[in-house]
file upload_28.cif (mmCIF, C-alpha atoms)
data_data
#
loop_
_atom_site.label_atom_id
_atom_site.label_comp_id
_atom_site.auth_asym_id
_atom_site.auth_seq_id
_atom_site.Cartn_x
_atom_site.Cartn_y
_atom_site.Cartn_z
CA MET A 83 -50.91 -86.36 -76.77
CA ALA A 84 -47.76 -85.97 -74.92
CA GLY A 85 -47.84 -83.70 -71.93
CA ARG A 86 -45.99 -80.48 -72.26
CA ALA A 87 -43.28 -79.68 -69.77
CA SER A 88 -44.12 -76.56 -67.87
CA VAL A 89 -41.46 -73.89 -68.17
CA ARG A 90 -41.01 -71.86 -65.06
CA THR A 91 -39.67 -68.38 -65.33
CA PRO A 92 -36.99 -67.66 -62.72
CA ARG A 93 -37.99 -65.19 -60.11
CA THR A 94 -35.81 -62.22 -59.57
CA PRO A 95 -34.67 -62.05 -55.96
CA LYS A 96 -35.96 -59.15 -53.94
CA ARG A 97 -33.47 -56.47 -53.27
CA PRO A 98 -32.96 -55.68 -49.61
CA PRO A 99 -34.20 -52.24 -48.65
CA ARG A 100 -31.54 -49.57 -48.80
CA PRO A 101 -30.55 -48.19 -45.42
CA ARG A 102 -31.44 -44.63 -44.89
CA ALA A 103 -28.43 -42.37 -44.97
CA THR A 104 -30.01 -39.52 -43.03
CA PRO A 105 -28.78 -40.51 -39.55
CA VAL A 106 -25.28 -41.16 -40.86
CA VAL A 107 -25.17 -37.83 -42.67
CA ARG A 108 -26.53 -36.06 -39.63
CA GLU A 109 -24.02 -37.77 -37.37
CA ASN A 110 -21.15 -36.88 -39.70
CA SER A 111 -22.24 -33.25 -39.94
CA LEU A 112 -22.50 -32.97 -36.15
CA ARG A 113 -19.10 -34.60 -35.82
CA ARG A 114 -17.57 -32.15 -38.30
CA LEU A 115 -19.20 -29.24 -36.51
CA TYR A 116 -17.86 -30.48 -33.17
CA ASP A 117 -14.37 -30.93 -34.62
CA ARG A 118 -14.40 -27.42 -36.07
CA ALA A 119 -15.56 -25.92 -32.79
CA ARG A 120 -12.94 -27.85 -30.86
CA LYS A 121 -10.22 -26.82 -33.30
CA ALA A 122 -11.27 -23.17 -33.03
CA TRP A 123 -11.41 -23.48 -29.23
CA ASP A 124 -7.86 -24.87 -29.10
CA ARG A 125 -6.31 -22.12 -31.18
CA PRO A 126 -3.48 -20.24 -29.46
CA LEU A 127 -5.28 -16.88 -29.56
CA THR A 128 -8.59 -18.12 -28.14
CA ALA A 129 -7.83 -17.03 -24.56
CA TYR A 130 -6.52 -13.68 -25.80
CA TYR A 131 -9.69 -12.88 -27.73
CA LEU A 132 -11.97 -14.21 -24.98
CA ILE A 133 -10.39 -12.00 -22.32
CA LEU A 134 -10.28 -8.91 -24.50
CA GLY A 135 -13.75 -9.35 -26.00
CA SER A 136 -15.63 -10.37 -22.85
CA SER A 137 -14.08 -7.65 -20.68
CA LEU A 138 -14.81 -4.92 -23.21
CA LEU A 139 -18.38 -6.13 -23.72
CA ILE A 140 -19.00 -6.25 -19.96
CA THR A 141 -17.63 -2.72 -19.56
CA ALA A 142 -19.62 -1.34 -22.50
CA LEU A 143 -22.88 -2.94 -21.33
CA GLY A 144 -22.11 -1.73 -17.82
CA LEU A 145 -21.86 1.85 -19.05
CA VAL A 146 -25.28 1.56 -20.68
CA MET A 147 -26.84 0.10 -17.55
CA VAL A 148 -25.15 2.64 -15.25
CA TYR A 149 -26.74 5.44 -17.26
CA SER A 150 -30.15 3.75 -17.23
CA ALA A 151 -30.05 2.79 -13.53
CA SER A 152 -28.62 6.06 -12.17
CA MET A 153 -30.53 8.76 -14.07
CA ILE A 154 -33.48 8.87 -11.62
CA GLN A 155 -31.25 9.03 -8.57
CA ALA A 156 -29.21 11.80 -10.19
CA LEU A 157 -32.36 13.84 -10.85
CA GLN A 158 -33.52 13.30 -7.27
CA LEU A 159 -30.20 14.82 -6.11
CA ASN A 160 -30.75 17.84 -8.39
CA LEU A 161 -27.95 16.69 -10.68
CA PRO A 162 -27.92 16.16 -14.45
CA ALA A 163 -29.35 12.81 -15.52
CA SER A 164 -26.00 11.78 -16.99
CA TYR A 165 -23.96 12.76 -13.89
CA PHE A 166 -23.04 9.24 -12.75
CA PHE A 167 -22.65 8.03 -16.32
CA ARG A 168 -20.11 10.75 -17.12
CA LYS A 169 -18.03 9.88 -14.06
CA GLN A 170 -18.15 6.21 -14.96
CA PHE A 171 -17.22 6.99 -18.57
CA VAL A 172 -14.16 8.95 -17.41
CA ALA A 173 -13.17 6.05 -15.16
CA ALA A 174 -13.66 3.60 -18.04
CA ALA A 175 -11.46 5.75 -20.31
CA LEU A 176 -8.73 5.88 -17.67
CA GLY A 177 -9.16 2.14 -17.08
CA ALA A 178 -8.79 1.46 -20.81
CA GLY A 179 -5.48 3.33 -20.68
CA LEU A 180 -4.37 1.22 -17.72
CA LEU A 181 -5.45 -1.93 -19.56
CA LEU A 182 -3.34 -0.98 -22.59
CA VAL A 183 -0.35 -0.18 -20.38
CA ALA A 184 -0.68 -3.46 -18.46
CA MET A 185 -1.03 -5.59 -21.59
CA ARG A 186 2.11 -4.04 -23.12
CA MET A 187 4.27 -4.30 -20.02
CA PRO A 188 6.71 -7.22 -19.77
CA VAL A 189 6.29 -9.76 -17.00
CA LYS A 190 9.50 -8.59 -15.27
CA LEU A 191 8.07 -5.09 -14.89
CA HIS A 192 4.86 -6.46 -13.40
CA ARG A 193 6.91 -8.31 -10.83
CA ALA A 194 8.97 -5.22 -10.09
CA LEU A 195 5.80 -3.17 -9.46
CA SER A 196 4.35 -5.65 -6.95
CA TYR A 197 6.15 -4.26 -3.89
CA PRO A 198 5.54 -0.54 -4.67
CA ILE A 199 1.84 -1.21 -5.28
CA LEU A 200 1.57 -3.14 -2.00
CA ALA A 201 3.35 -0.39 -0.05
CA ALA A 202 1.19 2.34 -1.62
CA SER A 203 -2.02 0.39 -0.87
CA VAL A 204 -1.07 -0.15 2.78
CA PHE A 205 -0.14 3.52 3.15
CA LEU A 206 -3.47 4.69 1.69
CA MET A 207 -5.46 2.24 3.83
CA VAL A 208 -3.72 3.64 6.91
CA LEU A 209 -4.60 7.18 5.80
CA VAL A 210 -8.25 6.16 5.59
CA GLN A 211 -8.35 5.60 9.36
CA ILE A 212 -6.95 9.06 10.18
CA PRO A 213 -9.75 11.49 11.18
CA GLY A 214 -10.15 14.31 8.71
CA ILE A 215 -8.68 12.31 5.81
CA GLY A 216 -10.84 9.21 5.66
CA ARG A 217 -14.52 9.42 4.80
CA SER A 218 -17.43 7.19 5.73
CA VAL A 219 -19.89 6.07 3.04
CA ASN A 220 -22.89 3.91 4.02
CA GLY A 221 -21.29 3.20 7.37
CA ASN A 222 -17.92 2.06 5.98
CA GLN A 223 -14.80 4.15 6.68
CA ASN A 224 -12.94 3.19 3.50
CA TRP A 225 -12.77 6.34 1.37
CA ILE A 226 -10.36 9.23 0.79
CA TYR A 227 -11.68 12.53 -0.56
CA LEU A 228 -9.75 13.71 -3.64
CA GLY A 229 -11.54 16.97 -4.28
CA GLY A 230 -14.64 17.81 -6.29
CA PRO A 231 -16.90 14.82 -6.93
CA PHE A 232 -14.05 12.30 -6.78
CA GLN A 233 -13.25 9.85 -3.99
CA LEU A 234 -10.85 6.93 -3.74
CA GLN A 235 -11.32 3.55 -2.07
CA PRO A 236 -7.80 2.21 -1.37
CA SER A 237 -9.03 -1.25 -0.41
CA GLU A 238 -9.91 -1.90 -4.07
CA PHE A 239 -6.25 -1.46 -4.98
CA GLY A 240 -5.36 -3.81 -2.13
CA LYS A 241 -6.82 -6.67 -4.19
CA LEU A 242 -4.44 -5.94 -7.06
CA ALA A 243 -1.54 -5.52 -4.64
CA LEU A 244 -2.20 -8.89 -3.00
CA VAL A 245 -2.40 -10.67 -6.38
CA LEU A 246 0.88 -9.23 -7.72
CA TRP A 247 2.85 -9.43 -4.48
CA GLY A 248 1.56 -12.88 -3.57
CA ALA A 249 2.29 -14.23 -7.06
CA ASP A 250 5.84 -12.84 -7.01
CA LEU A 251 6.46 -14.19 -3.50
CA LEU A 252 5.24 -17.71 -4.32
CA ALA A 253 7.10 -17.75 -7.65
CA ARG A 254 10.41 -16.89 -5.97
CA LYS A 255 9.86 -19.52 -3.30
CA GLN A 256 8.99 -22.10 -5.94
CA ASP A 257 12.22 -21.33 -7.81
CA LYS A 258 14.09 -22.03 -4.58
CA ARG A 259 11.99 -25.17 -3.93
CA LEU A 260 10.74 -23.89 -0.60
CA LEU A 261 7.01 -24.45 -1.10
CA THR A 262 7.31 -28.02 0.14
CA GLN A 263 7.65 -26.60 3.66
CA TRP A 264 4.42 -25.30 5.17
CA LYS A 265 6.07 -22.39 7.00
CA HIS A 266 7.45 -21.01 3.73
CA MET A 267 4.06 -21.41 2.07
CA LEU A 268 2.27 -19.48 4.82
CA VAL A 269 4.88 -16.92 5.88
CA PRO A 270 4.79 -14.06 5.05
CA LEU A 271 1.80 -14.49 2.70
CA VAL A 272 -0.83 -15.17 5.38
CA PRO A 273 0.39 -12.52 7.90
CA VAL A 274 0.49 -9.79 5.23
CA THR A 275 -2.98 -10.78 4.04
CA PHE A 276 -4.30 -10.64 7.61
CA MET A 277 -2.73 -7.17 7.97
CA LEU A 278 -4.64 -6.01 4.87
CA LEU A 279 -7.81 -7.64 6.21
CA GLY A 280 -7.38 -5.88 9.54
CA LEU A 281 -7.00 -2.47 7.89
CA ILE A 282 -10.10 -3.12 5.79
CA MET A 283 -12.17 -4.41 8.72
CA LEU A 284 -11.28 -1.29 10.74
CA GLY A 285 -13.47 0.52 8.24
CA GLY A 286 -16.22 -2.11 8.45
CA ASP A 287 -16.02 -3.31 4.83
CA MET A 288 -16.51 -7.04 5.19
CA GLY A 289 -17.37 -7.52 1.51
CA THR A 290 -13.90 -6.49 0.35
CA ALA A 291 -12.38 -8.60 3.14
CA ILE A 292 -14.19 -11.66 1.75
CA ILE A 293 -12.71 -11.02 -1.71
CA LEU A 294 -9.18 -10.75 -0.27
CA THR A 295 -9.74 -14.00 1.61
CA ALA A 296 -10.83 -15.68 -1.64
CA ILE A 297 -7.66 -14.42 -3.36
CA LEU A 298 -5.55 -15.85 -0.51
CA PHE A 299 -7.21 -19.26 -0.82
CA GLY A 300 -6.78 -19.16 -4.60
CA LEU A 301 -3.05 -18.52 -4.28
CA LEU A 302 -2.64 -21.27 -1.68
CA TRP A 303 -4.57 -23.69 -3.88
CA LEU A 304 -2.39 -22.92 -6.90
CA ALA A 305 0.74 -23.29 -4.75
CA GLY A 306 -0.32 -26.85 -3.93
CA ALA A 307 -1.13 -26.37 -0.26
CA PRO A 308 -1.84 -29.69 1.49
CA THR A 309 -5.43 -30.42 2.36
CA ARG A 310 -4.79 -30.21 6.10
CA LEU A 311 -3.02 -26.86 5.77
CA PHE A 312 -5.71 -25.52 3.46
CA ALA A 313 -8.47 -26.71 5.77
CA GLY A 314 -6.72 -25.16 8.78
CA VAL A 315 -6.50 -21.71 7.19
CA LEU A 316 -10.09 -22.04 6.01
CA SER A 317 -11.25 -22.96 9.51
CA ILE A 318 -9.50 -19.96 11.05
CA ALA A 319 -11.06 -17.65 8.45
CA ALA A 320 -14.50 -19.20 9.04
CA VAL A 321 -14.25 -18.72 12.82
CA LEU A 322 -13.19 -15.09 12.39
CA GLY A 323 -16.05 -14.54 9.95
CA VAL A 324 -18.60 -15.98 12.37
CA ILE A 325 -17.29 -13.75 15.16
CA LEU A 326 -17.45 -10.65 12.96
CA ILE A 327 -21.01 -11.48 11.90
CA LYS A 328 -22.23 -12.31 15.41
CA THR A 329 -20.84 -9.07 16.85
CA SER A 330 -22.54 -6.85 14.24
CA PRO A 331 -26.35 -6.37 14.30
CA ASN A 332 -26.22 -5.04 10.73
CA ARG A 333 -24.51 -8.19 9.44
CA MET A 334 -26.87 -10.41 11.41
CA ALA A 335 -29.82 -8.59 9.84
CA ARG A 336 -28.39 -9.16 6.35
CA LEU A 337 -27.94 -12.84 7.11
CA ALA A 338 -31.55 -13.08 8.31
CA CYS A 339 -32.79 -11.77 4.93
CA LEU A 340 -31.73 -14.89 3.03
CA GLY A 341 -34.72 -16.30 1.19
CA GLU A 342 -37.13 -13.62 2.39
CA THR A 343 -39.94 -12.46 0.09
CA GLU A 344 -41.31 -9.71 2.35
CA PRO A 345 -39.49 -6.59 3.61
CA GLY A 346 -40.36 -7.44 7.21
CA PRO A 347 -41.91 -5.34 9.99
CA SER A 348 -39.02 -2.87 10.18
CA ASP A 349 -38.15 -3.07 6.43
CA GLN A 350 -34.78 -4.59 7.27
CA CYS A 351 -34.96 -6.77 4.12
CA TRP A 352 -36.20 -3.95 1.86
CA GLN A 353 -33.20 -3.98 -0.50
CA ALA A 354 -32.97 -7.75 -0.82
CA VAL A 355 -36.70 -8.17 -1.45
CA HIS A 356 -36.97 -5.37 -4.00
CA GLY A 357 -34.00 -6.84 -5.87
CA ILE A 358 -36.05 -10.02 -6.25
CA TYR A 359 -39.06 -7.95 -7.33
CA ALA A 360 -36.98 -6.30 -10.06
CA LEU A 361 -35.76 -9.63 -11.42
CA ALA A 362 -39.24 -11.18 -11.25
CA SER A 363 -40.90 -8.33 -13.15
CA GLY A 364 -38.40 -8.53 -16.01
CA GLY A 365 -39.59 -11.83 -17.45
CA PHE A 366 -37.69 -13.33 -20.35
CA PHE A 367 -36.92 -10.17 -22.37
CA GLY A 368 -37.44 -7.40 -19.83
CA SER A 369 -39.56 -4.28 -19.76
CA GLY A 370 -37.20 -2.39 -22.07
CA LEU A 371 -34.06 -0.33 -21.61
CA GLY A 372 -34.80 2.61 -19.31
CA ALA A 373 -38.25 1.29 -18.31
CA SER A 374 -37.36 0.01 -14.84
CA VAL A 375 -39.85 0.74 -12.05
CA GLU A 376 -37.67 -0.25 -9.09
CA LYS A 377 -35.06 2.43 -9.81
CA TRP A 378 -37.66 5.13 -9.04
CA GLY A 379 -36.71 5.15 -5.37
CA GLN A 380 -37.80 1.62 -4.48
CA LEU A 381 -34.47 -0.22 -4.83
CA PRO A 382 -31.46 1.27 -2.97
CA GLU A 383 -28.10 1.35 -4.80
CA PRO A 384 -29.60 0.56 -8.23
CA HIS A 385 -26.44 1.55 -10.14
CA THR A 386 -23.84 0.04 -7.79
CA ASP A 387 -24.40 -3.16 -5.80
CA PHE A 388 -27.82 -3.99 -7.32
CA ILE A 389 -27.26 -3.04 -10.95
CA PHE A 390 -27.73 -6.70 -11.87
CA ALA A 391 -31.33 -6.49 -10.60
CA ILE A 392 -32.04 -3.47 -12.82
CA THR A 393 -30.45 -5.36 -15.73
CA GLY A 394 -32.84 -8.24 -15.12
CA GLU A 395 -35.82 -5.90 -14.94
CA GLU A 396 -35.00 -4.01 -18.15
CA LEU A 397 -33.29 -6.70 -20.25
CA GLY A 398 -34.94 -9.76 -18.72
CA LEU A 399 -33.56 -13.24 -18.36
CA ALA A 400 -31.85 -12.94 -21.74
CA GLY A 401 -29.84 -9.93 -20.55
CA THR A 402 -28.80 -11.44 -17.23
CA LEU A 403 -27.78 -14.73 -18.85
CA SER A 404 -25.71 -12.79 -21.38
CA VAL A 405 -23.85 -11.02 -18.57
CA LEU A 406 -23.25 -14.33 -16.78
CA ALA A 407 -22.03 -15.92 -20.02
CA LEU A 408 -19.50 -13.11 -20.49
CA PHE A 409 -18.18 -13.59 -16.95
CA ALA A 410 -18.01 -17.35 -17.54
CA ALA A 411 -15.97 -16.80 -20.71
CA LEU A 412 -13.64 -14.43 -18.87
CA GLY A 413 -13.19 -16.92 -16.03
CA TYR A 414 -12.55 -19.83 -18.38
CA ALA A 415 -9.96 -17.85 -20.34
CA GLY A 416 -8.17 -16.88 -17.11
CA ILE A 417 -8.05 -20.53 -15.99
CA ARG A 418 -6.74 -21.51 -19.40
CA VAL A 419 -3.94 -18.94 -19.22
CA ALA A 420 -2.98 -20.11 -15.73
CA GLY A 421 -3.05 -23.77 -16.74
CA ARG A 422 -0.99 -23.56 -19.92
CA THR A 423 1.92 -21.41 -18.80
CA GLU A 424 5.31 -22.64 -17.59
CA ASP A 425 6.08 -19.41 -15.72
CA PRO A 426 5.11 -19.76 -12.02
CA PHE A 427 4.51 -16.01 -11.60
CA VAL A 428 2.13 -15.96 -14.56
CA ARG A 429 0.30 -18.99 -13.19
CA TYR A 430 -0.16 -17.49 -9.73
CA ALA A 431 -1.04 -14.00 -10.98
CA ALA A 432 -3.50 -15.25 -13.62
CA GLY A 433 -5.12 -17.58 -11.09
CA GLY A 434 -5.32 -14.79 -8.50
CA VAL A 435 -6.96 -12.35 -10.92
CA THR A 436 -9.42 -15.01 -12.10
CA THR A 437 -10.29 -15.89 -8.49
CA TRP A 438 -10.77 -12.21 -7.66
CA ILE A 439 -13.12 -11.39 -10.55
CA THR A 440 -15.05 -14.68 -10.40
CA ALA A 441 -15.54 -14.64 -6.62
CA GLN A 442 -16.66 -11.02 -6.63
CA ALA A 443 -19.14 -11.66 -9.45
CA VAL A 444 -20.54 -14.73 -7.65
CA ILE A 445 -20.95 -12.82 -4.37
CA ASN A 446 -22.67 -9.87 -6.05
CA VAL A 447 -25.03 -11.96 -8.19
CA GLY A 448 -25.73 -14.32 -5.29
CA ALA A 449 -26.75 -11.39 -3.10
CA VAL A 450 -29.08 -10.02 -5.78
CA LEU A 451 -30.68 -13.44 -6.24
CA GLY A 452 -31.17 -13.79 -2.49
CA LEU A 453 -28.85 -16.78 -2.23
CA LEU A 454 -26.09 -14.98 -0.31
CA PRO A 455 -26.08 -12.15 2.25
CA ILE A 456 -25.67 -8.64 0.87
CA ALA A 457 -21.92 -8.00 1.10
CA GLY A 458 -21.81 -4.55 -0.52
CA VAL A 459 -19.40 -5.52 -3.33
CA PRO A 460 -19.92 -4.22 -6.89
CA LEU A 461 -20.20 -6.38 -9.98
CA PRO A 462 -16.72 -6.26 -11.58
CA LEU A 463 -16.40 -4.06 -14.70
CA PHE A 464 -20.18 -3.54 -14.62
CA SER A 465 -21.26 -1.59 -11.54
CA TYR A 466 -20.72 2.11 -10.99
CA GLY A 467 -17.51 3.02 -9.18
CA GLY A 468 -14.19 4.23 -10.52
CA SER A 469 -12.20 2.94 -7.55
CA ALA A 470 -13.30 -0.61 -8.38
CA LEU A 471 -13.12 -0.23 -12.16
CA LEU A 472 -9.53 1.05 -12.44
CA PRO A 473 -7.67 -1.81 -10.68
CA THR A 474 -9.97 -4.39 -12.25
CA MET A 475 -9.20 -3.18 -15.77
CA PHE A 476 -5.50 -3.17 -14.95
CA ALA A 477 -5.91 -6.77 -13.77
CA VAL A 478 -7.65 -7.66 -17.04
CA GLY A 479 -4.68 -6.10 -18.85
CA LEU A 480 -2.49 -8.48 -16.86
CA LEU A 481 -4.46 -11.46 -18.15
CA ILE A 482 -4.18 -10.18 -21.73
CA ALA A 483 -0.42 -9.71 -21.34
CA PHE A 484 -0.08 -13.23 -19.98
CA ALA A 485 -2.16 -14.63 -22.85
CA ARG A 486 0.13 -12.86 -25.31
CA GLU A 487 3.22 -14.35 -23.63
CA ASP A 488 2.28 -17.88 -24.68
CA PRO A 489 4.81 -18.99 -27.37
CA ALA A 490 2.08 -20.15 -29.76
CA ALA A 491 0.15 -16.92 -29.26
CA LYS A 492 3.32 -14.90 -29.86
CA ALA A 493 3.89 -16.66 -33.17
CA ALA A 494 0.27 -16.18 -34.22
CA LEU A 495 0.35 -12.48 -33.36
CA ALA A 496 3.67 -12.01 -35.16
CA MET A 497 2.12 -13.37 -38.35
CA ARG A 498 -0.55 -10.67 -38.15
CA GLN A 499 1.78 -7.72 -37.69
CA PRO A 500 1.60 -5.09 -40.46
CA ARG A 501 5.39 -5.13 -40.96
CA VAL A 502 5.21 -8.73 -42.21
CA ARG A 503 2.96 -7.66 -45.07
CA TRP A 504 5.17 -4.66 -45.77
CA ASN A 505 8.30 -6.79 -45.95
CA THR A 506 6.49 -9.22 -48.24
CA MET A 507 5.52 -6.38 -50.56
CA ARG A 508 9.10 -5.13 -50.59
CA ARG A 509 10.38 -8.57 -51.53
CA ARG A 510 7.89 -8.73 -54.39
CA VAL A 511 9.01 -5.35 -55.69
CA LYS A 512 12.66 -6.42 -55.60
CA ALA A 513 11.82 -9.60 -57.49
CA ARG A 514 10.57 -7.68 -60.52
CA SER A 515 12.75 -7.38 -63.61
CA SER A 516 14.58 -4.10 -64.21
CA GLY A 517 12.62 -3.38 -67.36
CA GLU A 518 9.21 -3.75 -65.73
CA ARG A 519 7.42 -0.58 -64.68
#

call {"tool": "encode", "arguments": {"input": "upload_28.cif", "output": "structure tokens"}}
result
Amino acid sequence: MAGRASVRTPRTPKRPPRPRATPVVRENSLRRLYDRARKAWDRPLTAYYLILGSSLLITALGLVMVYSASMIQALQLNLPASYFFRKQFVAAALGAGLLLVAMRMPVKLHRALSYPILAASVFLMVLVQIPGIGRSVNGNQNWIYLGGPFQLQPSEFGKLALVLWGADLLARKQDKRLLTQWKHMLVPLVPVTFMLLGLIMLGGDMGTAIILTAILFGLLWLAGAPTRLFAGVLSIAAVLGVILIKTSPNRMARLACLGETEPGPSDQCWQAVHGIYALASGGFFGSGLGASVEKWGQLPEPHTDFIFAITGEELGLAGTLSVLALFAALGYAGIRVAGRTEDPFVRYAAGGVTTWITAQAVINVGAVLGLLPIAGVPLPLFSYGGSALLPTMFAVGLLIAFAREDPAAKAALAMRQPRVRWNTMRRRVKARSSGER
């Protein structure tokens, strides 16, 4: 019997395992999301909406916190609970009017107003030092009584004056190509700034003097000051600051309170320590709006310099981070406006306003957190005080006007004007046949 040949069936080759598509899909979706966010971030109206939205949100939240933080102090003074809130609301309404005026004014008019605003600020700061006209509040002779419950702090308008005048001065010198010489970069900008600082320091308000110094450094930095020149001016300012601190027991006591967790034997660190207590008791989401304990007489100035501490106590870490995020958005938008413009005045003015608001916010928050000495400066757009709110809102209007002056932003805003739709409707009506009704 012949052997049978064995027939082997061919084996089907094993298919390689299919690669999972999940990481690729996830990577593509993240990439698309990033591209969309970047495209939205680079739109011409991004800075415009950031400045307008963040400033209005900060002011609105500030009104709420002023009412919550000041009601107990108002009742202790035998005043209505809404006394400070009503004054702040009136100032916010007037500031909104100034913001609208500033954002509608052309750049040429802003430049024309720089010298009158500077002259008026210097005149008012001189009046403050005349006995019988100037008033002292918390040891600082920086107020003018206007009648009734209203007072004016001219040094707050000095910040706006320095920004506008300094920007116009540097822009004119840049047009004449004079900023390459150090004497033209410093004179008369530095002497005029030192004159304003001297008038402010006569009243003892070192906090406002620090803000003006920050504005000066911001303008010099934007003007391209050499490192040696910048370091020289900074060294002179630092030496003067050390002298002013060493010669004042009050300032030395504030400096000694850095990092303290106890009020001390003479309660010299009472305000700084109770600001930390307020933030620590707030936790992540706070004790609730209006439920602060520190505002019941424990924390001095709860609605002005230390309103950020009350915000942390009532709204918690979430509330304070929200406020900081709004200031970060406002600062970024200001830097973007200053960096994208071709107009030197717009660049200097936008950079000066951004330096002013950002530096003041950092100094205020740093003092509340115990990282910086208490300088007595309010949180911009947030703390109680009409004298600080009015020029700050006008300055925000400046930023909005500059953001609108960008050619791409102009074109985008023109496309959204109501008259474009009206003209389109009129063209459609004319295109109809005569027999159509």

call {"tool": "resolve_selection", "arguments": {"input": "upload_28.cif", "expression": "the PyMOL selection byres ((chain A and resi 128-144) around 7)", "output": "MDAnalysis selection string"}}
result
chainID A and resid 123:127 145:148 405 408 411:412 415 418:419 463:465 482 485:486

call {"tool": "resolve_selection", "arguments": {"input": "upload_28.cif", "expression": "the PyMOL selection byres ((chain A and resi 174) around 9)", "output": "list in words"}}
result
Thr141, Ala142, Leu145, Lys169, Gln170, Phe171, Val172, Ala173, Ala175, Leu176, Gly177, Ala178, Gly179, Leu463, Gly468, Leu471, Leu472 and Met475 of chain A

call {"tool": "closest_residue", "arguments": {"input": "upload_28.cif", "among": "A:Leu244, A:Ile282, A:Ala184, A:Ala373", "to": "A:Asn224", "atoms": "all atoms listed in the file"}}
result
A:Ile282

call {"tool": "residues_around", "arguments": {"input": "upload_28.cif", "residues": "stretch 434-438 of chain A", "least_positions_apart": "5", "cutoff": "7 Å", "atoms": "only C-alpha atoms", "output": "JSON, numbers by chain"}}
result
{"A": [245, 293, 296, 297, 300, 301, 413, 416, 417, 477]}

call {"tool": "atom_distance", "arguments": {"input": "upload_28.cif", "atom1": "atom CA of A:Leu397", "atom2": "atom CA of A:Gln442"}}
result
21.9 Å

call {"tool": "atom_distance", "arguments": {"input": "upload_28.cif", "atom1": "atom CA of A:Pro462", "atom2": "atom CA of A:Met334"}}
result
25.5 Å

call {"tool": "residues_near_point", "arguments": {"input": "upload_28.cif", "point": "(-28.3, -10.0, -6.0)", "cutoff": "6 Å", "atoms": "only C-alpha atoms", "output": "list in words"}}
result
Asn446, Val447, Gly448, Ala449, Val450, Leu451 and Gly452 of chain A

call {"tool": "closest_residue", "arguments": {"input": "upload_28.cif", "among": "A:Glu238, A:Glu376, A:Glu487, A:Asp250", "to": "A:Ala194", "atoms": "all atoms listed in the file"}}
result
A:Asp250

call {"tool": "resolve_selection", "arguments": {"input": "upload_28.cif", "expression": "the PyMOL selection byres ((chain A and resi 358-362) around 9)", "output": "ChimeraX atom specification"}}
result
/A:343,353-357,363-365,368,374-377,381,390-396,398-399,450-452

call {"tool": "closest_residue", "arguments": {"input": "upload_28.cif", "among": "A:Pro473, A:Phe312, A:Asp488, A:Thr386", "to": "A:Gln155", "atoms": "all atoms listed in the file"}}
result
A:Thr386

call {"tool": "atom_distance", "arguments": {"input": "upload_28.cif", "atom1": "atom CA of A:Gly240", "atom2": "atom CA of A:Ala201"}}
result
9.6 Å

call {"tool": "residues_around", "arguments": {"input": "upload_28.cif", "residues": "stretch 264-273 of chain A", "least_positions_apart": "4", "cutoff": "12 Å", "atoms": "only C-alpha atoms", "output": "number ranges by chain"}}
result
A: 244-256, 258-260, 277-280, 294-295, 297-299, 301-312, 314-316, 318-319

call {"tool": "closest_residue", "arguments": {"input": "upload_28.cif", "among": "A:Leu200, A:Ile389, A:Ala320, A:Val478", "to": "A:Ala151", "atoms": "all atoms listed in the file"}}
result
A:Ile389

call {"tool": "decode", "arguments": {"input": "upload_28.cif", "residues": "stretch 321-330 of chain A", "atoms": "N, CA and C atoms", "output": "CSV table (one decimal), in the first residue's frame"}}
result
chain,number,residue,atom,x,y,z
A,321,VAL,N,18.6,105.0,47.9
A,321,VAL,CA,19.2,105.7,49.0
A,321,VAL,C,18.2,106.7,49.7
A,322,LEU,N,17.5,107.4,48.8
A,322,LEU,CA,16.5,108.3,49.4
A,322,LEU,C,15.4,107.6,50.2
A,323,GLY,N,15.0,106.4,49.7
A,323,GLY,CA,14.0,105.6,50.4
A,323,GLY,C,14.5,105.1,51.7
A,324,VAL,N,15.8,104.7,51.8
A,324,VAL,CA,16.4,104.2,53.0
A,324,VAL,C,16.4,105.4,54.0
A,325,ILE,N,16.8,106.6,53.6
A,325,ILE,CA,16.9,107.7,54.5
A,325,ILE,C,15.5,108.0,55.0
A,326,LEU,N,14.5,108.0,54.2
A,326,LEU,CA,13.2,108.4,54.6
A,326,LEU,C,12.6,107.3,55.6
A,327,ILE,N,13.0,106.1,55.4
A,327,ILE,CA,12.5,105.0,56.3
A,327,ILE,C,13.3,105.1,57.7
A,328,LYS,N,14.6,105.3,57.6
A,328,LYS,CA,15.4,105.4,58.8
A,328,LYS,C,15.0,106.6,59.7
A,329,THR,N,14.6,107.7,59.1
A,329,THR,CA,14.3,108.9,59.9
A,329,THR,C,12.8,108.9,60.4
A,330,SER,N,12.1,107.9,60.1
A,330,SER,CA,10.7,107.8,60.6
A,330,SER,C,10.4,106.6,61.4
